[in-house]
file data22.pdb (PDB, C-alpha atoms)
MODEL        1
ATOM      1  CA  MET A  88     106.664 129.832 143.626
ATOM      2  CA  LYS A  89     103.126 128.529 143.473
ATOM      3  CA  VAL A  90     101.979 131.714 141.742
ATOM      4  CA  LYS A  91     104.743 131.370 139.096
ATOM      5  CA  ILE A  92     103.669 127.815 138.319
ATOM      6  CA  ILE A  93     100.033 128.886 138.019
ATOM      7  CA  PHE A  94     101.000 131.715 135.618
ATOM      8  CA  ILE A  95     103.138 129.372 133.521
ATOM      9  CA  ILE A  96     100.319 126.840 133.261
ATOM     10  CA  PHE A  97      97.852 129.635 132.434
ATOM     11  CA  PHE A  98     100.017 131.046 129.626
ATOM     12  CA  LEU A  99     100.744 127.590 128.201
ATOM     13  CA  SER A 100      97.015 126.824 128.201
ATOM     14  CA  LEU A 101      96.262 130.157 126.571
ATOM     15  CA  GLY A 102      98.825 129.470 123.835
ATOM     16  CA  TYR A 103      97.392 126.007 123.189
ATOM     17  CA  ALA A 104      93.832 127.363 123.038
ATOM     18  CA  THR A 105      94.895 130.060 120.564
ATOM     19  CA  ALA A 106      96.662 127.506 118.324
ATOM     20  CA  PHE A 107      93.627 125.221 118.493
ATOM     21  CA  ALA A 108      91.357 128.132 117.538
ATOM     22  CA  GLN A 109      93.565 128.995 114.555
ATOM     23  CA  VAL A 110      93.541 125.399 113.259
ATOM     24  CA  SER A 111      89.774 125.312 113.821
ATOM     25  CA  THR A 112      89.469 128.411 111.636
ATOM     26  CA  MET A 113      91.364 126.594 108.866
ATOM     27  CA  ILE A 114      89.072 123.577 109.204
ATOM     28  CA  ASN A 115      85.873 125.660 109.299
ATOM     29  CA  ASN A 116      86.856 127.612 106.177
ATOM     30  CA  PHE A 117      88.131 124.557 104.265
ATOM     31  CA  LYS A 118      84.889 123.399 102.603
ATOM     32  CA  ILE A 119      83.591 126.930 102.095
ATOM     33  CA  ALA A 120      86.728 127.952 100.203
ATOM     34  CA  TYR A 121      86.739 124.654  98.264
ATOM     35  CA  VAL A 122      83.099 125.029  97.143
ATOM     36  CA  ASN A 123      83.389 128.745  96.340
ATOM     37  CA  GLY A 124      86.699 128.375  94.501
ATOM     38  CA  ASP A 125      88.301 130.871  96.893
ATOM     39  CA  ILE A 126      91.604 129.049  96.522
ATOM     40  CA  ASP A 127      94.282 131.752  96.668
ATOM     41  CA  ASN A 128      92.650 133.594  99.567
ATOM     42  CA  TYR A 129      92.346 130.389 101.622
ATOM     43  CA  ILE A 130      95.960 129.418 100.889
ATOM     44  CA  ASP A 131      97.296 132.877 101.804
ATOM     45  CA  GLU A 132      95.307 133.021 105.038
ATOM     46  CA  SER A 133      96.216 129.442 105.994
ATOM     47  CA  GLU A 134      99.922 130.030 105.343
ATOM     48  CA  ARG A 135      99.734 133.048 107.666
ATOM     49  CA  ILE A 136      98.003 130.927 110.319
ATOM     50  CA  VAL A 137     100.493 128.053 109.990
ATOM     51  CA  ASP A 138     103.438 130.451 110.355
ATOM     52  CA  GLY A 139     102.057 131.609 113.711
ATOM     53  CA  LEU A 140     101.312 128.168 115.157
ATOM     54  CA  THR A 141     103.272 126.399 117.853
ATOM     55  CA  GLN A 142     105.445 123.564 116.599
ATOM     56  CA  GLU A 143     102.945 120.997 117.898
ATOM     57  CA  GLU A 144     100.098 122.409 115.813
ATOM     58  CA  LYS A 145     102.231 123.507 112.855
ATOM     59  CA  ASN A 146     102.411 119.965 111.418
ATOM     60  CA  ARG A 147      98.641 119.578 111.599
ATOM     61  CA  GLY A 148      98.026 122.991 110.042
ATOM     62  CA  GLN A 149     100.541 122.305 107.261
ATOM     63  CA  ARG A 150      98.897 118.944 106.553
ATOM     64  CA  ILE A 151      95.449 120.578 106.245
ATOM     65  CA  LEU A 152      96.872 123.259 103.943
ATOM     66  CA  GLU A 153      98.556 120.630 101.747
ATOM     67  CA  LEU A 154      95.272 118.691 101.492
ATOM     68  CA  PHE A 155      93.494 121.844 100.335
ATOM     69  CA  LYS A 156      96.209 122.486  97.752
ATOM     70  CA  LEU A 157      95.977 118.869  96.557
ATOM     71  CA  LEU A 158      92.184 118.960  96.249
ATOM     72  CA  THR A 159      92.262 122.237  94.311
ATOM     73  CA  GLY A 160      95.104 121.265  91.977
ATOM     74  CA  LYS A 161      97.668 123.641  93.492
ATOM     75  CA  GLN A 162      99.763 120.668  94.632
ATOM     76  CA  GLN A 163     100.451 117.565  92.572
ATOM     77  CA  ASP A 164     100.660 114.827  95.185
ATOM     78  CA  MET A 165     100.810 113.937  98.858
ATOM     79  CA  SER A 166     101.884 110.858 100.818
ATOM     80  CA  ASN A 167      99.077 108.439 101.703
ATOM     81  CA  THR A 168      99.802 108.755 105.419
ATOM     82  CA  GLU A 169      99.566 112.555 105.444
ATOM     83  CA  PHE A 170      96.533 112.457 103.132
ATOM     84  CA  ASN A 171      94.625 110.108 105.447
ATOM     85  CA  LYS A 172      95.568 112.131 108.538
ATOM     86  CA  ALA A 173      94.495 115.368 106.831
ATOM     87  CA  LEU A 174      91.129 113.877 105.821
ATOM     88  CA  ALA A 175      90.586 112.920 109.462
ATOM     89  CA  ASP A 176      91.725 116.371 110.667
ATOM     90  CA  VAL A 177      89.189 118.103 108.421
ATOM     91  CA  GLY A 178      86.473 115.477 108.893
ATOM     92  CA  ILE A 179      85.893 114.638 105.235
ATOM     93  CA  GLY A 180      85.987 111.456 103.194
ATOM     94  CA  THR A 181      86.419 110.366  99.611
ATOM     95  CA  ILE A 182      84.332 108.159  97.351
ATOM     96  CA  LEU A 183      85.653 105.153  95.441
ATOM     97  CA  GLU A 184      85.192 105.615  91.707
ATOM     98  CA  LYS A 185      87.007 102.512  90.373
ATOM     99  CA  ASN A 186      89.974 100.220  90.803
ATOM    100  CA  ILE A 187      92.590 100.934  88.140
ATOM    101  CA  ASN A 188      94.751  97.917  89.013
ATOM    102  CA  ASN A 189      95.733  96.026  92.178
ATOM    103  CA  HIS A 190      97.452  99.114  93.637
ATOM    104  CA  LEU A 191      95.829 102.163  92.034
ATOM    105  CA  ILE A 192      92.365 103.390  92.943
ATOM    106  CA  LEU A 193      90.507 106.309  91.373
ATOM    107  CA  ILE A 194      88.721 108.233  94.111
ATOM    108  CA  TYR A 195      87.007 111.584  94.311
ATOM    109  CA  PHE A 196      85.972 114.165  96.849
ATOM    110  CA  ASN A 197      83.013 116.420  96.243
ATOM    111  CA  ALA A 198      81.346 119.296  98.045
ATOM    112  CA  GLY A 199      78.688 121.485  96.509
ATOM    113  CA  ALA A 200      79.128 121.501  92.740
ATOM    114  CA  LYS A 201      82.919 121.012  92.961
ATOM    115  CA  ARG A 202      84.730 117.702  92.861
ATOM    116  CA  THR A 203      88.323 116.533  92.753
ATOM    117  CA  TYR A 204      89.437 113.305  91.131
ATOM    118  CA  LEU A 205      92.502 111.627  92.636
ATOM    119  CA  VAL A 206      94.482 108.441  92.150
ATOM    120  CA  PHE A 207      95.493 106.659  95.355
ATOM    121  CA  ASN A 208      98.529 104.347  95.106
ATOM    122  CA  GLN A 209      98.515 101.811  97.913
ATOM    123  CA  GLY A 210     101.459  99.884  96.461
ATOM    124  CA  ALA A 211     105.209 100.124  96.917
ATOM    125  CA  LYS A 212     105.820 100.798  93.222
ATOM    126  CA  GLY A 213     105.386 103.877  91.055
ATOM    127  CA  TYR A 214     103.156 103.878  87.986
ATOM    128  CA  ARG A 215     102.612 105.866  84.819
ATOM    129  CA  PHE A 216      98.994 105.904  83.683
ATOM    130  CA  LYS A 217      96.596 107.465  81.212
ATOM    131  CA  LEU A 218      92.946 108.168  81.942
ATOM    132  CA  ASN A 219      90.179 109.537  79.762
ATOM    133  CA  GLY A 220      87.198 111.234  81.388
ATOM    134  CA  THR A 221      83.917 111.745  79.583
ATOM    135  CA  TYR A 222      80.673 113.455  80.469
ATOM    136  CA  HIS A 223      77.481 113.277  78.426
ATOM    137  CA  SER A 224      74.420 115.441  79.025
ATOM    138  CA  SER A 225      71.476 116.770  77.077
ATOM    139  CA  THR A 226      73.281 120.107  76.688
ATOM    140  CA  GLY A 227      76.556 118.695  75.386
ATOM    141  CA  ASN A 228      79.530 116.460  75.919
ATOM    142  CA  SER A 229      82.817 117.084  77.655
ATOM    143  CA  SER A 230      86.059 115.152  77.946
ATOM    144  CA  ASN A 231      89.266 115.300  79.919
ATOM    145  CA  SER A 232      92.464 113.297  79.482
ATOM    146  CA  PHE A 233      95.179 112.733  82.037
ATOM    147  CA  ASP A 234      98.647 111.353  81.323
ATOM    148  CA  GLY A 235     101.011 111.252  84.277
ATOM    149  CA  GLY A 236     102.684 109.270  86.977
ATOM    150  CA  ILE A 237     102.369 108.530  90.642
ATOM    151  CA  SER A 238     104.968 107.637  93.258
ATOM    152  CA  ALA A 239     104.694 104.679  95.583
ATOM    153  CA  LEU A 240     102.327 105.198  98.516
ATOM    154  CA  HIS A 241     101.115 108.588  97.293
ATOM    155  CA  VAL A 242      97.891 110.282  96.228
ATOM    156  CA  ARG A 243      97.931 112.181  92.911
ATOM    157  CA  SER A 244      95.528 114.961  91.961
ATOM    158  CA  ILE A 245      93.877 114.461  88.565
ATOM    159  CA  GLN A 246      91.387 117.328  88.289
ATOM    160  CA  TYR A 247      89.425 119.912  90.302
ATOM    161  CA  THR A 248      86.205 120.535  88.385
ATOM    162  CA  THR A 249      82.443 120.947  88.401
ATOM    163  CA  THR A 250      82.018 118.250  85.735
ATOM    164  CA  PRO A 251      81.145 114.727  86.970
ATOM    165  CA  TYR A 252      83.420 112.770  84.628
ATOM    166  CA  LYS A 253      83.367 109.007  84.164
ATOM    167  CA  TYR A 254      86.963 107.940  83.753
ATOM    168  CA  SER A 255      88.213 104.966  81.772
ATOM    169  CA  VAL A 256      91.718 103.574  81.964
ATOM    170  CA  ILE A 257      93.727 103.889  78.761
ATOM    171  CA  SER A 258      97.004 102.438  80.043
ATOM    172  CA  VAL A 259      98.925 101.619  83.219
ATOM    173  CA  THR A 260     102.666 100.904  83.303
ATOM    174  CA  GLU A 261     104.854 100.180  86.304
ATOM    175  CA  ILE A 262     107.778 102.583  86.613
ATOM    176  CA  PRO A 263     110.968 100.531  87.053
ATOM    177  CA  SER A 264     112.776 101.107  90.332
ATOM    178  CA  ILE A 265     116.342 102.394  90.183
ATOM    179  CA  PHE A 266     117.278 100.246  93.174
TER     180      PHE A 266
ENDMDL
END
call {"tool": "encode", "arguments": {"input": "data22.pdb", "output": "structure tokens"}}
result
Amino acid sequence: MKVKIIFIIFFLSLGYATAFAQVSTMINNFKIAYVNGDIDNYIDESERIVDGLTQEEKNRGQRILELFKLLTGKQQDMSNTEFNKALADVGIGTILEKNINNHLILIYFNAGAKRTYLVFNQGAKGYRFKLNGTYHSSTGNSSNSFDGGISALHVRSIQYTTTPYKYSVISVTEIPSIF
């Protein structure tokens, strides 16, 4: 009986260590894939890893994968709670660019030459907004416009780019609630 218990504990520990190693692989490859633009390969490999995880680790792995998709423009938005947990899981942070209004904040994440602009809605209401990004350099000018919406308590991806835009707010409108 004692031997059976020892084997059960050993196999459970081995399974946990394997799941932890797989999630660690996702975390270790996260920034490298982000910087190198190796988006599809990272997503495919991470989906394979997540499919093989135990239920305990599956949520964490899925959250990390969704963050990567959000930061690279492959996913439109993510809840604030999952976004914050995923940032902590991966060990990265964002930088405040500007307050858009009392609830919306323009933030960005950058690594290497790549950066992702995001709007973080910390309010309980949805908004429609327009932003205009400009970049001026000695070699030329560039611009980017965004016109879209964001749900309550969500983060919305604006752009994954190598251009360090300065965004200005064109308009912000609260989306009326249906309730």
call {"tool": "residues_around", "arguments": {"input": "data22.pdb", "residues": "stretch 194-210 of chain A", "least_positions_apart": "2", "cutoff": "9 Å", "atoms": "only C-alpha atoms", "output": "ChimeraX atom specification"}}
result
/A:118-119,121-124,157-160,167,179-187,189-192,212-214,237-252
call {"tool": "resolve_selection", "arguments": {"input": "data22.pdb", "expression": "the PyMOL selection byres ((chain A and resi 258) around 6)", "output": "list in words"}}
result
Phe216, Lys217, Val256, Ile257 and Val259 of chain A
call {"tool": "closest_residue", "arguments": {"input": "data22.pdb", "among": "A:Leu140, A:Tyr254, A:Arg147, A:Ala211", "to": "A:Ser229", "atoms": "only C-alpha atoms"}}
result
A:Tyr254
call {"tool": "atom_distance", "arguments": {"input": "data22.pdb", "atom1": "atom CA of A:Ala173", "atom2": "atom CA of A:Lys145"}}
result
12.7 Å
call {"tool": "resolve_selection", "arguments": {"input": "data22.pdb", "expression": "the PyMOL selection byres ((chain A and resi 116) around 12)", "output": "MDAnalysis selection string"}}
result
chainID A and resid 109:115 117:126 128:130 132:133 151:152 155 177
call {"tool": "atom_distance", "arguments": {"input": "data22.pdb", "atom1": "atom CA of A:Asp164", "atom2": "atom CA of A:Thr141"}}
result
25.6 Å
call {"tool": "residues_near_point", "arguments": {"input": "data22.pdb", "point": "(87.6, 117.9, 77.7)", "cutoff": "8 Å", "atoms": "all atoms listed in the file", "output": "PyMOL selection string"}}
result
chain A and resi 220-221+229-232
call {"tool": "atom_distance", "arguments": {"input": "data22.pdb", "atom1": "atom CA of A:Lys156", "atom2": "atom CA of A:Ser224"}}
result
29.6 Å
call {"tool": "closest_residue", "arguments": {"input": "data22.pdb", "among": "A:Arg150, A:Lys253, A:Arg135, A:Lys161", "to": "A:Tyr222", "atoms": "all atoms listed in the file"}}
result
A:Lys253
call {"tool": "closest_residue", "arguments": {"input": "data22.pdb", "among": "A:Phe233, A:Phe170, A:Glu261, A:Asn188", "to": "A:Arg215", "atoms": "all atoms listed in the file"}}
result
A:Glu261
call {"tool": "axis_aligned_box", "arguments": {"input": "data22.pdb", "around": "stretch 226-243 of chain A", "padding_each_side": "8 Å", "output": "JSON"}}
result
{"center_x": 89.1, "center_y": 112.4, "center_z": 87.0, "size_x": 47.7, "size_y": 31.4, "size_z": 39.1}
call {"tool": "decode", "arguments": {"input": "data22.pdb", "residues": "stretch 242-257 of chain A", "atoms": "all heavy atoms", "output": "PDB file, in the first residue's frame"}}
result
ATOM      1  N   VAL A 242      -9.385  45.246 -22.498  1.00  0.00           N
ATOM      2  CA  VAL A 242      -8.234  45.848 -23.148  1.00  0.00           C
ATOM      3  C   VAL A 242      -8.405  45.598 -24.637  1.00  0.00           C
ATOM      4  O   VAL A 242      -8.727  44.488 -25.046  1.00  0.00           O
ATOM      5  CB  VAL A 242      -6.917  45.206 -22.666  1.00  0.00           C
ATOM      6  CG1 VAL A 242      -5.726  45.804 -23.384  1.00  0.00           C
ATOM      7  CG2 VAL A 242      -6.769  45.349 -21.180  1.00  0.00           C
ATOM      8  N   ARG A 243      -8.184  46.633 -25.452  1.00  0.00           N
ATOM      9  CA  ARG A 243      -8.364  46.540 -26.906  1.00  0.00           C
ATOM     10  C   ARG A 243      -7.041  46.801 -27.598  1.00  0.00           C
ATOM     11  O   ARG A 243      -6.353  47.772 -27.297  1.00  0.00           O
ATOM     12  CB  ARG A 243      -9.406  47.581 -27.345  1.00  0.00           C
ATOM     13  CG  ARG A 243      -9.569  47.771 -28.824  1.00  0.00           C
ATOM     14  CD  ARG A 243     -10.308  46.591 -29.435  1.00  0.00           C
ATOM     15  NE  ARG A 243     -10.304  46.636 -30.870  1.00  0.00           N
ATOM     16  CZ  ARG A 243     -11.338  46.983 -31.618  1.00  0.00           C
ATOM     17  NH1 ARG A 243     -12.478  47.338 -31.059  1.00  0.00           N
ATOM     18  NH2 ARG A 243     -11.245  46.963 -32.924  1.00  0.00           N
ATOM     19  N   SER A 244      -6.674  45.932 -28.522  1.00  0.00           N
ATOM     20  CA  SER A 244      -5.454  46.108 -29.304  1.00  0.00           C
ATOM     21  C   SER A 244      -5.687  47.172 -30.368  1.00  0.00           C
ATOM     22  O   SER A 244      -6.695  47.162 -31.063  1.00  0.00           O
ATOM     23  CB  SER A 244      -5.082  44.778 -29.966  1.00  0.00           C
ATOM     24  OG  SER A 244      -3.929  44.929 -30.747  1.00  0.00           O
ATOM     25  N   ILE A 245      -4.740  48.102 -30.485  1.00  0.00           N
ATOM     26  CA  ILE A 245      -4.811  49.158 -31.492  1.00  0.00           C
ATOM     27  C   ILE A 245      -3.869  48.837 -32.653  1.00  0.00           C
ATOM     28  O   ILE A 245      -4.278  48.807 -33.797  1.00  0.00           O
ATOM     29  CB  ILE A 245      -4.451  50.537 -30.888  1.00  0.00           C
ATOM     30  CG1 ILE A 245      -5.374  50.865 -29.714  1.00  0.00           C
ATOM     31  CG2 ILE A 245      -4.493  51.620 -31.946  1.00  0.00           C
ATOM     32  CD1 ILE A 245      -6.840  50.928 -30.040  1.00  0.00           C
ATOM     33  N   GLN A 246      -2.582  48.600 -32.352  1.00  0.00           N
ATOM     34  CA  GLN A 246      -1.650  48.289 -33.429  1.00  0.00           C
ATOM     35  C   GLN A 246      -0.371  47.644 -32.902  1.00  0.00           C
ATOM     36  O   GLN A 246       0.154  48.034 -31.859  1.00  0.00           O
ATOM     37  CB  GLN A 246      -1.286  49.535 -34.220  1.00  0.00           C
ATOM     38  CG  GLN A 246      -0.431  49.195 -35.414  1.00  0.00           C
ATOM     39  CD  GLN A 246      -0.236  50.337 -36.364  1.00  0.00           C
ATOM     40  OE1 GLN A 246      -0.393  51.490 -35.988  1.00  0.00           O
ATOM     41  NE2 GLN A 246       0.123  50.028 -37.580  1.00  0.00           N
ATOM     42  N   TYR A 247       0.125  46.668 -33.664  1.00  0.00           N
ATOM     43  CA  TYR A 247       1.418  46.016 -33.460  1.00  0.00           C
ATOM     44  C   TYR A 247       2.321  46.557 -34.553  1.00  0.00           C
ATOM     45  O   TYR A 247       2.033  46.410 -35.740  1.00  0.00           O
ATOM     46  CB  TYR A 247       1.219  44.505 -33.593  1.00  0.00           C
ATOM     47  CG  TYR A 247       2.465  43.643 -33.642  1.00  0.00           C
ATOM     48  CD1 TYR A 247       3.342  43.581 -32.565  1.00  0.00           C
ATOM     49  CD2 TYR A 247       2.735  42.854 -34.754  1.00  0.00           C
ATOM     50  CE1 TYR A 247       4.464  42.759 -32.611  1.00  0.00           C
ATOM     51  CE2 TYR A 247       3.843  42.025 -34.802  1.00  0.00           C
ATOM     52  CZ  TYR A 247       4.699  41.975 -33.728  1.00  0.00           C
ATOM     53  OH  TYR A 247       5.809  41.163 -33.772  1.00  0.00           O
ATOM     54  N   THR A 248       3.406  47.244 -34.180  1.00  0.00           N
ATOM     55  CA  THR A 248       4.183  47.983 -35.167  1.00  0.00           C
ATOM     56  C   THR A 248       5.628  48.165 -34.713  1.00  0.00           C
ATOM     57  O   THR A 248       5.968  47.861 -33.570  1.00  0.00           O
ATOM     58  CB  THR A 248       3.536  49.374 -35.396  1.00  0.00           C
ATOM     59  OG1 THR A 248       4.244  50.085 -36.387  1.00  0.00           O
ATOM     60  CG2 THR A 248       3.490  50.189 -34.122  1.00  0.00           C
ATOM     61  N   THR A 249       6.435  48.695 -35.602  1.00  0.00           N
ATOM     62  CA  THR A 249       7.792  49.123 -35.236  1.00  0.00           C
ATOM     63  C   THR A 249       7.866  50.650 -35.166  1.00  0.00           C
ATOM     64  O   THR A 249       8.895  51.193 -34.800  1.00  0.00           O
ATOM     65  CB  THR A 249       8.832  48.624 -36.271  1.00  0.00           C
ATOM     66  OG1 THR A 249       8.465  49.090 -37.564  1.00  0.00           O
ATOM     67  CG2 THR A 249       8.935  47.109 -36.260  1.00  0.00           C
ATOM     68  N   THR A 250       6.780  51.325 -35.491  1.00  0.00           N
ATOM     69  CA  THR A 250       6.752  52.785 -35.512  1.00  0.00           C
ATOM     70  C   THR A 250       6.295  53.334 -34.162  1.00  0.00           C
ATOM     71  O   THR A 250       5.216  52.983 -33.688  1.00  0.00           O
ATOM     72  CB  THR A 250       5.802  53.286 -36.624  1.00  0.00           C
ATOM     73  OG1 THR A 250       6.197  52.694 -37.858  1.00  0.00           O
ATOM     74  CG2 THR A 250       5.838  54.790 -36.736  1.00  0.00           C
ATOM     75  N   PRO A 251       7.076  54.220 -33.550  1.00  0.00           N
ATOM     76  CA  PRO A 251       6.687  54.809 -32.257  1.00  0.00           C
ATOM     77  C   PRO A 251       5.720  55.994 -32.452  1.00  0.00           C
ATOM     78  O   PRO A 251       6.121  57.153 -32.425  1.00  0.00           O
ATOM     79  CB  PRO A 251       8.017  55.251 -31.657  1.00  0.00           C
ATOM     80  CG  PRO A 251       8.889  55.517 -32.840  1.00  0.00           C
ATOM     81  CD  PRO A 251       8.445  54.586 -33.922  1.00  0.00           C
ATOM     82  N   TYR A 252       4.458  55.687 -32.662  1.00  0.00           N
ATOM     83  CA  TYR A 252       3.462  56.728 -32.895  1.00  0.00           C
ATOM     84  C   TYR A 252       3.188  57.554 -31.649  1.00  0.00           C
ATOM     85  O   TYR A 252       3.316  57.063 -30.531  1.00  0.00           O
ATOM     86  CB  TYR A 252       2.133  56.109 -33.342  1.00  0.00           C
ATOM     87  CG  TYR A 252       2.157  55.539 -34.730  1.00  0.00           C
ATOM     88  CD1 TYR A 252       2.130  54.167 -34.937  1.00  0.00           C
ATOM     89  CD2 TYR A 252       2.200  56.365 -35.843  1.00  0.00           C
ATOM     90  CE1 TYR A 252       2.148  53.633 -36.212  1.00  0.00           C
ATOM     91  CE2 TYR A 252       2.223  55.836 -37.127  1.00  0.00           C
ATOM     92  CZ  TYR A 252       2.197  54.478 -37.304  1.00  0.00           C
ATOM     93  OH  TYR A 252       2.218  53.963 -38.567  1.00  0.00           O
ATOM     94  N   LYS A 253       2.774  58.787 -31.866  1.00  0.00           N
ATOM     95  CA  LYS A 253       2.203  59.643 -30.822  1.00  0.00           C
ATOM     96  C   LYS A 253       0.736  59.781 -31.191  1.00  0.00           C
ATOM     97  O   LYS A 253       0.397  60.311 -32.248  1.00  0.00           O
ATOM     98  CB  LYS A 253       2.868  61.027 -30.788  1.00  0.00           C
ATOM     99  CG  LYS A 253       4.266  60.993 -30.270  1.00  0.00           C
ATOM    100  CD  LYS A 253       4.272  60.649 -28.807  1.00  0.00           C
ATOM    101  CE  LYS A 253       5.693  60.628 -28.280  1.00  0.00           C
ATOM    102  NZ  LYS A 253       5.786  60.059 -26.965  1.00  0.00           N
ATOM    103  N   TYR A 254      -0.117  59.269 -30.323  1.00  0.00           N
ATOM    104  CA  TYR A 254      -1.546  59.261 -30.625  1.00  0.00           C
ATOM    105  C   TYR A 254      -2.241  60.478 -30.029  1.00  0.00           C
ATOM    106  O   TYR A 254      -1.930  60.908 -28.916  1.00  0.00           O
ATOM    107  CB  TYR A 254      -2.207  57.996 -30.082  1.00  0.00           C
ATOM    108  CG  TYR A 254      -2.022  56.806 -30.983  1.00  0.00           C
ATOM    109  CD1 TYR A 254      -0.989  55.904 -30.771  1.00  0.00           C
ATOM    110  CD2 TYR A 254      -2.879  56.591 -32.053  1.00  0.00           C
ATOM    111  CE1 TYR A 254      -0.814  54.811 -31.600  1.00  0.00           C
ATOM    112  CE2 TYR A 254      -2.717  55.507 -32.893  1.00  0.00           C
ATOM    113  CZ  TYR A 254      -1.684  54.625 -32.657  1.00  0.00           C
ATOM    114  OH  TYR A 254      -1.513  53.541 -33.487  1.00  0.00           O
ATOM    115  N   SER A 255      -3.194  61.006 -30.785  1.00  0.00           N
ATOM    116  CA  SER A 255      -4.075  62.057 -30.281  1.00  0.00           C
ATOM    117  C   SER A 255      -5.496  61.527 -30.375  1.00  0.00           C
ATOM    118  O   SER A 255      -5.819  60.701 -31.231  1.00  0.00           O
ATOM    119  CB  SER A 255      -3.920  63.346 -31.088  1.00  0.00           C
ATOM    120  OG  SER A 255      -4.149  63.109 -32.454  1.00  0.00           O
ATOM    121  N   VAL A 256      -6.330  62.010 -29.478  1.00  0.00           N
ATOM    122  CA  VAL A 256      -7.717  61.567 -29.410  1.00  0.00           C
ATOM    123  C   VAL A 256      -8.556  62.446 -30.326  1.00  0.00           C
ATOM    124  O   VAL A 256      -8.544  63.671 -30.202  1.00  0.00           O
ATOM    125  CB  VAL A 256      -8.247  61.651 -27.961  1.00  0.00           C
ATOM    126  CG1 VAL A 256      -9.696  61.213 -27.887  1.00  0.00           C
ATOM    127  CG2 VAL A 256      -7.367  60.834 -27.029  1.00  0.00           C
ATOM    128  N   ILE A 257      -9.261  61.820 -31.252  1.00  0.00           N
ATOM    129  CA  ILE A 257     -10.148  62.536 -32.156  1.00  0.00           C
ATOM    130  C   ILE A 257     -11.547  62.638 -31.559  1.00  0.00           C
ATOM    131  O   ILE A 257     -12.141  63.703 -31.531  1.00  0.00           O
ATOM    132  CB  ILE A 257     -10.210  61.855 -33.549  1.00  0.00           C
ATOM    133  CG1 ILE A 257      -8.808  61.687 -34.133  1.00  0.00           C
ATOM    134  CG2 ILE A 257     -11.121  62.600 -34.495  1.00  0.00           C
ATOM    135  CD1 ILE A 257      -8.014  62.955 -34.306  1.00  0.00           C
TER     136      ILE A 257
END
